[in-house]
$ cat protein-v6.csv   # CSV, C-alpha atoms
chain,number,residue,atom,x,y,z
A,1,MET,CA,0.0,0.0,0.0
A,2,ARG,CA,1.3,3.4,-1.0
A,3,LYS,CA,1.8,5.9,1.8
A,4,LEU,CA,3.5,9.2,2.7
A,5,SER,CA,7.0,8.9,4.2
A,6,LYS,CA,9.5,11.3,5.4
A,7,THR,CA,13.0,11.3,4.0
A,8,ILE,CA,16.3,11.7,6.0
A,9,GLY,CA,16.1,15.4,5.0
A,10,GLY,CA,12.6,15.9,6.3
A,11,SER,CA,10.9,16.1,2.9
A,12,ILE,CA,7.9,13.9,2.0
A,13,ILE,CA,8.0,11.1,-0.5
A,14,ILE,CA,5.5,8.6,-2.0
A,15,GLY,CA,7.3,5.7,-3.7
A,16,THR,CA,11.0,6.0,-4.6
A,17,LEU,CA,13.2,9.0,-4.4
A,18,SER,CA,15.2,9.8,-7.6
A,19,LYS,CA,19.0,9.3,-7.6
A,20,GLY,CA,19.6,13.0,-8.2
A,21,CYS,CA,17.5,13.9,-5.1
A,22,GLN,CA,19.3,11.3,-3.0
A,23,LEU,CA,22.7,12.7,-3.8
A,24,CYS,CA,21.4,16.3,-3.5
A,25,MET,CA,20.3,15.6,0.1
A,26,GLN,CA,23.7,14.3,0.9
A,27,GLY,CA,25.3,17.5,-0.4
A,28,GLY,CA,26.9,15.4,-3.1
A,29,LYS,CA,25.8,17.4,-6.1
A,30,LEU,CA,27.8,20.1,-7.8
A,31,VAL,CA,25.3,22.8,-8.9
A,32,LEU,CA,26.4,23.7,-12.5
A,33,PHE,CA,24.6,26.8,-13.7
A,34,VAL,CA,25.3,26.9,-17.4
A,35,THR,CA,23.5,30.1,-18.5
A,36,GLY,CA,21.2,32.7,-17.2
A,37,LEU,CA,19.5,33.1,-20.6
A,38,CYS,CA,15.9,31.8,-21.0
A,39,GLU,CA,13.9,30.7,-24.0
A,40,ASN,CA,10.7,32.5,-23.0
A,41,PRO,CA,11.3,34.6,-19.8
A,42,ALA,CA,7.6,35.6,-19.6
A,43,ASN,CA,6.5,32.0,-19.2
A,44,CYS,CA,7.7,31.5,-15.6
A,45,SER,CA,9.5,34.8,-14.8
A,46,TRP,CA,7.0,35.8,-12.2
A,47,TYR,CA,8.2,33.1,-9.8
A,48,CYS,CA,11.7,32.6,-11.1
A,49,PRO,CA,14.2,32.7,-8.2
A,50,ILE,CA,17.4,33.4,-10.1
A,51,SER,CA,19.5,36.2,-8.7
A,52,TYR,CA,20.2,39.5,-10.5
A,53,GLU,CA,23.8,38.5,-10.9
A,54,ARG,CA,22.8,35.5,-13.1
A,55,LYS,CA,19.4,36.3,-14.6
A,56,GLY,CA,19.5,37.0,-18.3
A,57,ARG,CA,23.3,36.8,-18.4
A,58,ASP,CA,25.2,34.1,-20.3
A,59,VAL,CA,27.5,33.1,-17.4
A,60,VAL,CA,28.6,29.8,-15.9
A,61,TYR,CA,28.8,29.1,-12.2
A,62,ALA,CA,30.0,25.9,-10.4
A,63,ASN,CA,28.3,26.2,-7.0
A,64,GLU,CA,29.1,29.8,-6.0
A,65,ARG,CA,32.2,30.0,-8.2
A,66,LEU,CA,32.1,32.0,-11.4
A,67,VAL,CA,34.0,29.8,-13.8
A,68,TYR,CA,35.8,30.7,-17.0
A,69,ASP,CA,37.5,27.4,-18.0
A,70,ASP,CA,37.3,23.6,-17.6
A,71,GLU,CA,40.0,23.6,-15.0
A,72,GLU,CA,38.1,25.8,-12.6
A,73,LEU,CA,35.0,23.6,-13.0
A,74,ILE,CA,36.9,20.4,-12.2
A,75,TYR,CA,38.7,22.2,-9.3
A,76,GLU,CA,35.4,23.2,-7.7
A,77,ALA,CA,33.8,19.8,-8.2
A,78,THR,CA,36.9,18.3,-6.5
A,79,LEU,CA,36.9,20.7,-3.6
A,80,SER,CA,33.2,19.9,-3.1
A,81,SER,CA,33.8,16.1,-3.1
A,82,ALA,CA,30.9,16.0,-5.7
A,83,ASP,CA,29.5,12.6,-6.5
A,84,GLY,CA,27.3,14.1,-9.2
A,85,THR,CA,26.3,17.3,-10.9
A,86,GLY,CA,22.9,19.1,-11.4
A,87,ILE,CA,22.8,21.2,-14.5
A,88,THR,CA,20.5,24.2,-14.3
A,89,GLY,CA,19.9,27.7,-15.6
A,90,GLY,CA,18.2,29.8,-17.2
A,91,GLU,CA,17.4,27.4,-19.9
A,92,PRO,CA,20.3,25.0,-20.2
A,93,LEU,CA,19.3,23.6,-23.6
A,94,LEU,CA,19.9,27.0,-25.2
A,95,VAL,CA,23.6,26.1,-24.8
A,96,LEU,CA,23.3,22.4,-25.8
A,97,ASN,CA,26.9,22.0,-27.0
A,98,ARG,CA,28.2,23.6,-23.8
A,99,ILE,CA,26.2,21.0,-21.8
A,100,ILE,CA,27.4,18.1,-23.9
A,101,HIS,CA,31.0,19.3,-23.4
A,102,TYR,CA,30.5,19.5,-19.6
A,103,ILE,CA,28.9,16.1,-19.4
A,104,HIS,CA,31.9,14.6,-21.3
A,105,LEU,CA,34.3,16.6,-19.1
A,106,LEU,CA,32.8,15.4,-15.8
A,107,LYS,CA,32.4,11.8,-16.8
A,108,ASP,CA,35.9,11.6,-18.2
A,109,HIS,CA,37.4,13.1,-15.1
A,110,PHE,CA,35.3,11.5,-12.3
A,111,GLY,CA,34.0,8.3,-14.1
A,112,ASP,CA,30.7,7.0,-15.3
A,113,THR,CA,29.4,6.8,-11.7
A,114,HIS,CA,29.4,10.6,-11.5
A,115,HIS,CA,25.6,11.1,-11.7
A,116,ILE,CA,24.4,14.0,-13.9
A,117,HIS,CA,20.9,15.4,-14.0
A,118,LEU,CA,19.5,18.3,-16.1
A,119,TYR,CA,16.6,20.7,-15.6
A,120,THR,CA,14.8,22.1,-18.6
A,121,GLY,CA,11.7,24.2,-19.3
A,122,LYS,CA,12.2,24.2,-23.0
A,123,LYS,CA,8.9,23.6,-24.8
A,124,LYS,CA,10.2,22.6,-28.2
A,125,ILE,CA,12.9,20.0,-28.0
A,126,ASN,CA,14.3,17.9,-30.9
A,127,ARG,CA,14.5,14.1,-30.4
A,128,GLU,CA,18.0,14.4,-31.8
A,129,ASP,CA,19.0,16.7,-29.0
A,130,ILE,CA,17.8,14.3,-26.4
A,131,LYS,CA,19.8,11.5,-28.1
A,132,LYS,CA,22.9,13.7,-28.0
A,133,LEU,CA,22.5,14.1,-24.3
A,134,VAL,CA,21.9,10.4,-23.7
A,135,ASP,CA,25.0,9.6,-25.8
A,136,ALA,CA,27.1,12.1,-23.9
A,137,GLY,CA,26.2,10.3,-20.6
A,138,LEU,CA,23.3,12.3,-19.1
A,139,ASP,CA,21.6,10.1,-16.4
A,140,GLU,CA,18.5,12.0,-15.5
A,141,ILE,CA,16.4,14.8,-17.1
A,142,ARG,CA,13.8,16.9,-15.3
A,143,PHE,CA,11.1,18.8,-17.2
A,144,HIS,CA,9.5,22.0,-15.9
A,145,ILE,CA,5.9,21.7,-17.3
A,146,LEU,CA,2.7,23.0,-15.9
A,147,THR,CA,-0.1,21.9,-18.3
A,148,GLU,CA,-1.4,18.8,-20.1
A,149,LYS,CA,-0.4,20.4,-23.5
A,150,GLU,CA,3.2,20.9,-22.4
A,151,SER,CA,3.5,17.2,-21.3
A,152,LYS,CA,3.7,16.2,-24.9
A,153,VAL,CA,7.5,16.9,-24.7
A,154,LEU,CA,7.8,13.7,-22.7
A,155,ASP,CA,7.1,11.7,-25.8
A,156,LEU,CA,10.6,12.5,-27.0
A,157,VAL,CA,12.4,10.6,-24.3
A,158,ASP,CA,13.0,6.9,-24.6
A,159,GLY,CA,13.9,4.5,-21.8
A,160,PHE,CA,17.6,5.3,-21.5
A,161,LEU,CA,17.1,8.2,-19.2
A,162,SER,CA,15.5,8.6,-15.8
A,163,VAL,CA,12.7,11.1,-16.5
A,164,GLY,CA,11.1,13.5,-14.0
A,165,ILE,CA,8.9,16.5,-13.8
A,166,GLU,CA,9.8,19.4,-11.4
A,167,ILE,CA,7.4,22.1,-10.6
A,168,PRO,CA,6.7,24.7,-7.8
A,169,ALA,CA,3.7,24.1,-5.5
A,170,ILE,CA,1.6,27.1,-6.5
A,171,PRO,CA,-1.4,27.8,-4.2
A,172,GLY,CA,-4.6,27.6,-6.2
A,173,ARG,CA,-3.2,25.2,-8.8
A,174,ILE,CA,-3.9,21.9,-7.2
A,175,GLU,CA,-6.6,20.8,-9.6
A,176,ALA,CA,-4.5,21.9,-12.6
A,177,THR,CA,-1.6,19.9,-11.2
A,178,LYS,CA,-3.8,16.8,-10.7
A,179,LYS,CA,-4.7,17.0,-14.4
A,180,LEU,CA,-1.1,17.3,-15.3
A,181,ILE,CA,-0.2,14.2,-13.3
A,182,LYS,CA,-3.0,12.2,-15.0
A,183,SER,CA,-1.8,13.4,-18.4
A,184,VAL,CA,1.8,12.2,-17.9
A,185,GLU,CA,0.9,8.6,-16.8
A,186,LYS,CA,1.0,7.4,-20.4
A,187,TYR,CA,4.6,8.4,-20.7
A,188,SER,CA,7.7,6.9,-19.2
A,189,VAL,CA,7.9,9.3,-16.2
A,190,ASP,CA,9.8,8.1,-13.2
A,191,PHE,CA,9.1,10.8,-10.7
A,192,LEU,CA,7.5,14.2,-9.9
A,193,ASN,CA,9.2,16.7,-7.7
A,194,VAL,CA,7.0,19.5,-6.2
A,195,ASN,CA,9.1,22.3,-4.7
A,196,GLU,CA,7.8,24.8,-2.1
A,197,LEU,CA,7.4,28.2,-3.7
A,198,GLU,CA,9.7,30.9,-2.2
A,199,PHE,CA,10.2,34.6,-2.2
A,200,THR,CA,13.5,35.9,-3.6
A,201,GLU,CA,14.8,39.4,-4.3
A,202,THR,CA,14.0,38.9,-8.0
A,203,ASN,CA,10.4,37.5,-7.7
A,204,ALA,CA,9.1,39.2,-4.6
A,205,TYR,CA,7.3,42.0,-6.5
A,206,GLN,CA,5.5,39.6,-8.8
A,207,LEU,CA,4.5,37.3,-6.0
A,208,LYS,CA,3.1,40.1,-3.9
A,209,LYS,CA,1.3,41.5,-6.9
A,210,ARG,CA,-0.5,38.1,-7.2
A,211,GLY,CA,-1.5,38.2,-3.6
A,212,PHE,CA,1.1,35.8,-2.2
A,213,ILE,CA,2.5,36.4,1.3
A,214,ILE,CA,5.4,34.9,3.3
A,215,LYS,CA,4.4,32.1,5.6
A,216,GLU,CA,4.5,32.8,9.3
A,217,ASP,CA,7.7,31.8,11.0
A,218,SER,CA,9.5,31.7,7.7
A,219,ILE,CA,11.8,34.1,5.9
A,220,ALA,CA,11.0,33.1,2.3
A,221,SER,CA,8.3,30.3,2.0
A,222,VAL,CA,5.0,31.3,0.4
A,223,GLU,CA,1.9,30.9,2.6
A,224,GLY,CA,-0.2,28.0,1.3
A,225,SER,CA,2.5,26.4,-0.9
A,226,GLU,CA,3.3,23.6,1.5
A,227,LYS,CA,-0.4,22.8,2.2
A,228,MET,CA,-1.0,22.6,-1.5
A,229,ALA,CA,1.9,20.2,-1.9
A,230,ILE,CA,0.8,17.9,1.0
A,231,ASP,CA,-2.8,17.9,-0.2
A,232,LEU,CA,-1.6,16.9,-3.6
A,233,LEU,CA,0.5,14.0,-2.2
A,234,LYS,CA,-2.5,12.7,-0.2
A,235,TRP,CA,-4.5,12.7,-3.5
A,236,THR,CA,-1.7,10.8,-5.4
A,237,VAL,CA,-1.7,7.9,-2.9
A,238,ASN,CA,-4.9,6.6,-4.4
A,239,ASN,CA,-4.9,8.1,-7.8
A,240,THR,CA,-1.5,7.4,-9.4
A,241,GLU,CA,1.4,5.1,-9.2
A,242,LEU,CA,3.9,7.9,-9.9
A,243,ASN,CA,6.7,8.5,-7.5
A,244,ILE,CA,6.2,12.0,-6.0
A,245,HIS,CA,8.4,14.0,-3.8
A,246,TYR,CA,7.7,17.3,-1.9
A,247,CYS,CA,10.8,19.3,-1.3
A,248,PRO,CA,10.3,22.1,1.2
A,249,ALA,CA,12.5,25.2,1.4
A,250,ARG,CA,13.9,24.1,4.7
A,251,LEU,CA,15.4,21.1,3.1
A,252,LYS,CA,17.4,23.2,0.6
A,253,GLY,CA,18.9,25.4,3.3
A,254,GLY,CA,18.9,23.2,6.3
A,255,VAL,CA,20.1,19.9,4.7
A,256,GLN,CA,21.2,20.1,1.1
A,257,LEU,CA,23.3,23.3,1.4
A,258,ARG,CA,24.6,22.4,4.8
A,259,ASN,CA,25.8,19.0,3.7
A,260,ARG,CA,27.4,20.5,0.5
A,261,LEU,CA,29.2,23.1,2.6
A,262,LEU,CA,30.4,20.5,5.0
A,263,ARG,CA,32.0,18.6,2.2
A,264,ARG,CA,33.8,21.6,0.8
A,265,ALA,CA,34.8,22.9,4.3
A,266,LYS,CA,36.6,19.6,5.0
A,267,ASN,CA,38.7,20.1,1.9
A,268,VAL,CA,39.4,23.9,2.2
A,269,ALA,CA,39.7,24.5,5.9
A,270,LYS,CA,43.1,25.8,7.0
A,271,PRO,CA,44.8,24.3,10.1
A,272,TYR,CA,43.6,27.2,12.2
A,273,GLU,CA,39.9,27.1,11.0
A,274,ASN,CA,37.2,25.2,12.9
A,275,ILE,CA,34.3,23.6,11.0
A,276,THR,CA,30.8,24.2,12.5
A,277,GLY,CA,27.9,21.8,12.3
A,278,GLU,CA,26.5,24.0,9.5
A,279,GLY,CA,29.6,23.7,7.4
A,280,LEU,CA,30.8,27.2,8.1
A,281,LEU,CA,34.4,28.1,9.1
A,282,LEU,CA,35.3,29.8,12.5
A,283,LYS,CA,38.7,31.5,13.1
A,284,GLY,CA,40.4,34.3,15.0
A,285,VAL,CA,41.2,37.5,13.1
A,286,ILE,CA,43.4,40.5,14.0
A,287,THR,CA,42.5,43.4,11.8
A,288,VAL,CA,45.1,46.0,11.0
A,289,LYS,CA,45.4,49.2,9.0
A,290,ALA,CA,47.2,49.8,5.7
A,291,GLY,CA,50.8,50.7,6.4
A,292,ASP,CA,50.9,49.2,9.9
A,293,ASN,CA,54.1,47.6,11.0
A,294,LEU,CA,53.2,44.1,11.9
A,295,ASP,CA,56.5,43.2,13.7
A,296,PHE,CA,54.9,43.7,17.1
A,297,LEU,CA,52.2,41.2,16.3
A,298,TYR,CA,54.6,38.6,15.0
A,299,SER,CA,56.7,39.1,18.2
A,300,ILE,CA,53.7,38.2,20.2
A,301,PHE,CA,53.2,35.1,18.1
A,302,ARG,CA,56.8,34.1,18.7
A,303,LYS,CA,56.4,34.8,22.5
A,304,TYR,CA,53.7,32.1,22.6
A,305,CYS,CA,55.5,29.8,20.2
A,306,VAL,CA,52.8,29.9,17.5
A,307,SER,CA,53.7,27.8,14.5
A,308,ASP,CA,53.7,29.3,11.0
A,309,ASP,CA,50.9,27.1,9.8
A,310,LEU,CA,48.6,28.7,12.4
A,311,ILE,CA,49.2,32.3,11.1
A,312,TYR,CA,48.1,33.7,7.7
A,313,PHE,CA,48.2,37.4,6.6
A,314,ASN,CA,45.3,38.2,4.3
A,315,PRO,CA,46.4,41.2,2.3
A,316,LYS,CA,42.9,41.8,0.7
A,317,LYS,CA,41.2,41.9,4.1
A,318,LEU,CA,44.2,43.5,5.9
A,319,ARG,CA,44.1,41.0,8.7
A,320,ILE,CA,46.0,38.2,10.3
A,321,GLU,CA,44.1,35.0,10.6
A,322,THR,CA,44.7,32.4,13.2
A,323,SER,CA,42.9,30.0,15.5
A,324,ILE,CA,40.3,31.1,18.0
A,325,GLU,CA,42.4,29.8,20.9
A,326,ILE,CA,45.4,31.9,19.8
A,327,ALA,CA,43.3,35.0,19.1
A,328,LYS,CA,41.9,34.7,22.7
A,329,LYS,CA,45.4,34.3,24.1
A,330,ILE,CA,46.9,37.3,22.5
A,331,ALA,CA,43.8,39.6,22.4
A,332,ASP,CA,44.7,41.8,25.4
A,333,GLU,CA,48.3,42.4,24.2
A,334,ALA,CA,47.3,43.0,20.6
A,335,LYS,CA,44.5,45.4,21.4
A,336,LYS,CA,47.0,47.6,23.4
A,337,LYS,CA,48.6,48.3,20.0
A,338,GLY,CA,45.3,49.6,18.6
A,339,VAL,CA,44.3,46.6,16.5
A,340,ARG,CA,40.9,44.8,16.6
A,341,VAL,CA,40.8,41.1,17.6
A,342,GLY,CA,37.7,38.9,17.1
A,343,ILE,CA,36.2,35.7,16.0
A,344,LEU,CA,34.9,35.4,12.5
A,345,GLU,CA,32.4,33.0,10.9
A,346,GLU,CA,32.2,32.6,7.2
A,347,TYR,CA,31.2,30.3,4.3
A,348,PRO,CA,33.8,27.9,2.9
A,349,THR,CA,33.0,29.0,-0.6
A,350,GLU,CA,35.2,30.6,-3.2
A,351,HIS,CA,36.5,34.2,-2.5
A,352,PRO,CA,35.1,36.6,-1.6
A,353,ARG,CA,33.7,34.5,1.2
A,354,LEU,CA,30.4,35.5,2.7
A,355,GLU,CA,31.0,36.5,6.3
A,356,THR,CA,28.1,35.6,8.6
A,357,SER,CA,29.1,36.9,12.0
A,358,TYR,CA,31.9,38.7,13.9
A,359,THR,CA,32.4,38.7,17.6
A,360,PRO,CA,34.9,41.1,19.0
A,361,LEU,CA,37.3,39.9,21.8
$ encode --input "protein-v6.csv" --output "structure tokens"
Amino acid sequence: MRKLSKTIGGSIIIGTLSKGCQLCMQGGKLVLFVTGLCENPANCSWYCPISYERKGRDVVYANERLVYDDEELIYEATLSSADGTGITGGEPLLVLNRIIHYIHLLKDHFGDTHHIHLYTGKKKINREDIKKLVDAGLDEIRFHILTEKESKVLDLVDGFLSVGIEIPAIPGRIEATKKLIKSVEKYSVDFLNVNELEFTETNAYQLKKRGFIIKEDSIASVEGSEKMAIDLLKWTVNNTELNIHYCPARLKGGVQLRNRLLRRAKNVAKPYENITGEGLLLKGVITVKAGDNLDFLYSIFRKYCVSDDLIYFNPKKLRIETSIEIAKKIADEAKKKGVRVGILEEYPTEHPRLETSYTPL
């Protein structure tokens, strides 16, 4: 008997979770943003969450890193201990040759077990293009479709790919979504992912314009989106055999991102940096001014026999970085010389790293 079950990440599943989602929850997916260009921006732009830095721009990001060549892409995937890659955009299929190149690159470097899935909202796709993706080694494709008419694109995919549908849970569209589910049953669809609708800086105006509000006790989730998704899942128990997964916003930030940051942090943390349970880095920092003579600080380090691998001068930030324990030990002496000493928390991502908190000592 089919039933609703919670995943290790706290999302809700009926049936089997796709391989791409399994790896994503583990933080094992490199997020490869291949272009910010779209085929038809008006189609879903009112809820599109893409940031201003990426939207409408033909840029490539591997996780948070803006990449310019293959070496940077492989380097970021390696630092992230990625077991797979999720290709997204914009509309990725607008740069089909670029995608095929990246699939070959990743498979050649990490092996065939490196799982690659692709998101697309393209409404007109050639069967030949799908074959090119399959031949390149694509493992899973996810279509963004909202209507029965749009579901015809699924007829282009044969049995060599894991095929899914990925849509937002839009309050008020439950009946339309039920019709969509029934319309895709005749195709070889392996799963349906329903994502909680979220406010972002780029879609907030359009969401508010349509009467949506932020859910109580949330910073971004849309009121009514989760209820719509859960009601839909309850309906699917008795009305379809399709595997369906509800992915709430809290899963993306609290599980997926945290696990991905933890993987990267373990590879990039310097000897003096501590890794938090959220995958962030903690360290001591001594902030100086341009032109300051740092000899007095280094004399303090020598006094306490601090090894060189526990001291790093960051010229861009004009600060000396060290362990929290050392920062606390030298704080009083260092502050007498007019410098600031504190504890810094930041993301383990590519520079410039996002700093989340600073506590003065």
$ closest_residue --input "protein-v6.csv" --among "A:Gln22, A:Ser162, A:Asn259, A:Thr120" --to "Leu138 of chain A" --atoms "all atoms listed in the file"
A:Ser162
$ atom_distance --input "protein-v6.csv" --atom1 "atom CA of Phe143 of chain A" --atom2 "atom CA of Ile214 of chain A"
26.7 Å
$ atom_distance --input "protein-v6.csv" --atom1 "atom CA of Ile311 of chain A" --atom2 "atom CA of Gly279 of chain A"
21.7 Å
$ closest_residue --input "protein-v6.csv" --among "A:Gly172, A:Ser81, A:Lys6, A:Glu201" --to "Glu53 of chain A" --atoms "all atoms listed in the file"
A:Glu201
$ atom_distance --input "protein-v6.csv" --atom1 "atom CA of Ile174 of chain A" --atom2 "atom CA of Asp231 of chain A"
8.1 Å
$ residues_around --input "protein-v6.csv" --residues "Leu344 of chain A" --least-positions-apart "6" --cutoff "9 Å" --atoms "all atoms listed in the file" --output "number ranges by chain"
A: 281-285, 324, 355-360
$ closest_residue --input "protein-v6.csv" --among "A:Ile286, A:Leu105, A:Ile14, A:Leu197" --to "Asn239 of chain A" --atoms "all atoms listed in the file"
A:Ile14
$ closest_residue --input "protein-v6.csv" --among "A:Pro315, A:Trp46, A:Phe191, A:Ile326" --to "Arg302 of chain A" --atoms "all atoms listed in the file"
A:Ile326
$ closest_residue --input "protein-v6.csv" --among "A:Gly89, A:Gly36, A:Pro49, A:Gly291" --to "Pro168 of chain A" --atoms "all atoms listed in the file"
A:Pro49
$ closest_residue --input "protein-v6.csv" --among "A:Gly10, A:Gly90, A:Gly277, A:Pro352" --to "Pro248 of chain A" --atoms "all atoms listed in the file"
A:Gly10
$ residues_near_point --input "protein-v6.csv" --point "(18.6, 9.8, -9.5)" --cutoff "12 Å" --atoms "all atoms listed in the file" --output "MDAnalysis selection string"
chainID A and resid 16:25 28:29 83:86 113:118 138:142 161:164 190:193
$ residues_around --input "protein-v6.csv" --residues "segment 330-335 of chain A" --least-positions-apart "2" --cutoff "9 Å" --atoms "all atoms listed in the file" --output "list of chain:residue names"
A:Ile286, A:Phe296, A:Leu297, A:Ile300, A:Phe301, A:Tyr304, A:Glu325, A:Ile326, A:Ala327, A:Lys328, A:Lys337, A:Gly338, A:Val339, A:Arg340, A:Val341, A:Gly342, A:Leu361
$ residues_near_point --input "protein-v6.csv" --point "(34.3, 21.4, -10.0)" --cutoff "12 Å" --atoms "all atoms listed in the file" --output "VMD selection string"
chain A and resid 28 to 33 60 to 86 102 105 to 107 109 to 110 114 264 350
$ residues_around --input "protein-v6.csv" --residues "segment 266-271 of chain A" --least-positions-apart "3" --cutoff "7 Å" --atoms "all atoms listed in the file" --output "list in words"
Leu79, Leu262, Arg263, Asp309, Leu310 and Pro348 of chain A
